[in-house]
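So the structure is just underneath, and the comments pick up after that.
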Amino acid sequence: MKIKAILAAIAVATVALLAASCTKTDTAKDAGGYYVEAITSSEYGGIDAQVQLEFNSALAKAFSGIVYKTADNDKKAIAACDPVWEKYKSVATLPFQLYFQNAVAEGEKPTKTVIKKYALLK
């Protein structure tokens with residue numbers, strides 16, 4: 001009888017250990033958002049403002065909720081932005097870049113990771 005109780009206790013402990021080891025604590029290290037900005041200027045208008053609005057709209061349609069930096073999400077962001085650039089690359093006057101910015105607590109500085117640059121036609 002004692003052996004069955006000991007084996008049952010070991011089985012319960014093993015299951016608990018396995019369950020605990022499979023649980024991943026989300027530190028939000030890679031949580032954030034995908035954004036597009038003009039590379040050479042912080043102020044712009046006209047056609048470049050229209051390009052910016054369409055980039056933002058495309059990203060908003062592609063992502064909702066919490067976003068994580070992954071290779072698949074990088075591809076998804078590029079797939080959302082490339083058609084916008086194709087539409088406007090011949091008339092845009094500023095180059096743009098697609099980047100991921102991680103979410104941070106207030107007072108901390110976020111980091112940006114450039115995913116793709118959209119250069120002007122030469």
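In the structure tokens, the first chain shown is A, the next is B, and so on; residue numbers restart at 1 for each chain, and ligands run from 1 in the order shown.
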
Neighbouring residues of Ser64 in chain A were defined as those with any atom within 10 Å, considering only C-alpha atoms; residues of the same chain fewer than 4 positions away were excluded. Please report them as a ChimeraX atom specification. /A:33,59-60

Filtering to all heavy atoms, could you give me those residues as a tab-separated table (two decimals), in the first residue's frame?
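See part07.tsv below for the written result:
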chain	number	residue	atom	x	y	z
A	33	GLY	N	5.23	46.91	-31.92
A	33	GLY	CA	4.46	47.20	-33.10
A	33	GLY	C	5.33	47.46	-34.31
A	33	GLY	O	6.51	47.78	-34.19
A	59	LEU	N	-0.79	48.52	-42.28
A	59	LEU	CA	-0.30	47.83	-41.08
A	59	LEU	C	-1.45	47.57	-40.09
A	59	LEU	O	-1.50	46.53	-39.45
A	59	LEU	CB	0.82	48.62	-40.42
A	59	LEU	CG	2.15	48.61	-41.17
A	59	LEU	CD1	3.13	49.60	-40.57
A	59	LEU	CD2	2.75	47.20	-41.18
A	60	ALA	N	-2.36	48.53	-39.98
A	60	ALA	CA	-3.50	48.36	-39.07
A	60	ALA	C	-4.39	47.20	-39.52
A	60	ALA	O	-4.93	46.47	-38.70
A	60	ALA	CB	-4.30	49.65	-39.00

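For range 117-120 of chain A, the non-local neighbours within 10 Å, defined as residues at least 5 positions apart in the same chain or in other chains and counting only C-alpha atoms, are Val36, Glu37, Ala38, Ile39, Cys81, Asp82, Trp85, Glu86, Tyr88, Lys89, Ser90, Val91, Ala92, Thr93, Leu94, Pro95, Phe96, Gln97, Leu98 and Tyr99 of chain A.
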
Nearby residues (only C-alpha atoms) at most 10 Å from Pro110 in chain A, same-chain spacing under 6 positions excluded, as a ChimeraX atom specification: /A:32,100-104

Take the residues that were just selected and, keeping N, CA, C and O atoms, output them as a PDB file, in the first residue's frame.
ATOM      1  N   GLY A  32       5.427  44.604 -29.266  1.00  0.00           N
ATOM      2  CA  GLY A  32       5.564  45.993 -29.722  1.00  0.00           C
ATOM      3  C   GLY A  32       4.687  46.233 -30.924  1.00  0.00           C
ATOM      4  O   GLY A  32       3.546  45.788 -30.961  1.00  0.00           O
ATOM      5  N   PHE A 100      10.264  47.636 -36.525  1.00  0.00           N
ATOM      6  CA  PHE A 100       9.558  47.119 -35.355  1.00  0.00           C
ATOM      7  C   PHE A 100      10.108  47.852 -34.147  1.00  0.00           C
ATOM      8  O   PHE A 100      11.323  47.986 -33.989  1.00  0.00           O
ATOM      9  N   GLN A 101       9.202  48.335 -33.307  1.00  0.00           N
ATOM     10  CA  GLN A 101       9.612  49.005 -32.070  1.00  0.00           C
ATOM     11  C   GLN A 101       9.030  48.236 -30.900  1.00  0.00           C
ATOM     12  O   GLN A 101       7.821  47.998 -30.846  1.00  0.00           O
ATOM     13  N   ASN A 102       9.902  47.839 -29.967  1.00  0.00           N
ATOM     14  CA  ASN A 102       9.414  47.061 -28.834  1.00  0.00           C
ATOM     15  C   ASN A 102       8.689  47.955 -27.840  1.00  0.00           C
ATOM     16  O   ASN A 102       8.957  49.146 -27.735  1.00  0.00           O
ATOM     17  N   ALA A 103       7.752  47.354 -27.140  1.00  0.00           N
ATOM     18  CA  ALA A 103       7.004  48.064 -26.104  1.00  0.00           C
ATOM     19  C   ALA A 103       7.847  48.075 -24.831  1.00  0.00           C
ATOM     20  O   ALA A 103       8.468  47.075 -24.482  1.00  0.00           O
ATOM     21  N   VAL A 104       7.872  49.218 -24.163  1.00  0.00           N
ATOM     22  CA  VAL A 104       8.650  49.340 -22.927  1.00  0.00           C
ATOM     23  C   VAL A 104       7.829  50.058 -21.870  1.00  0.00           C
ATOM     24  O   VAL A 104       6.831  50.714 -22.168  1.00  0.00           O
TER      25      VAL A 104
END

Taking the backbone alone, and naming residues the way the document does, which bits of range 7-121 of chain A are alpha helix (DSSP H) by DSSP, as a ChimeraX atom specification? /A:7-22,46-62,71-88

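Between CA of Gly46 in chain A and CA of Pro83 in chain A lies a distance of 19.3 Å.
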
Interatomic distance, CA of Lys76 in chain A to CA of Ala62 in chain A (Å, one decimal): 7.1 Å
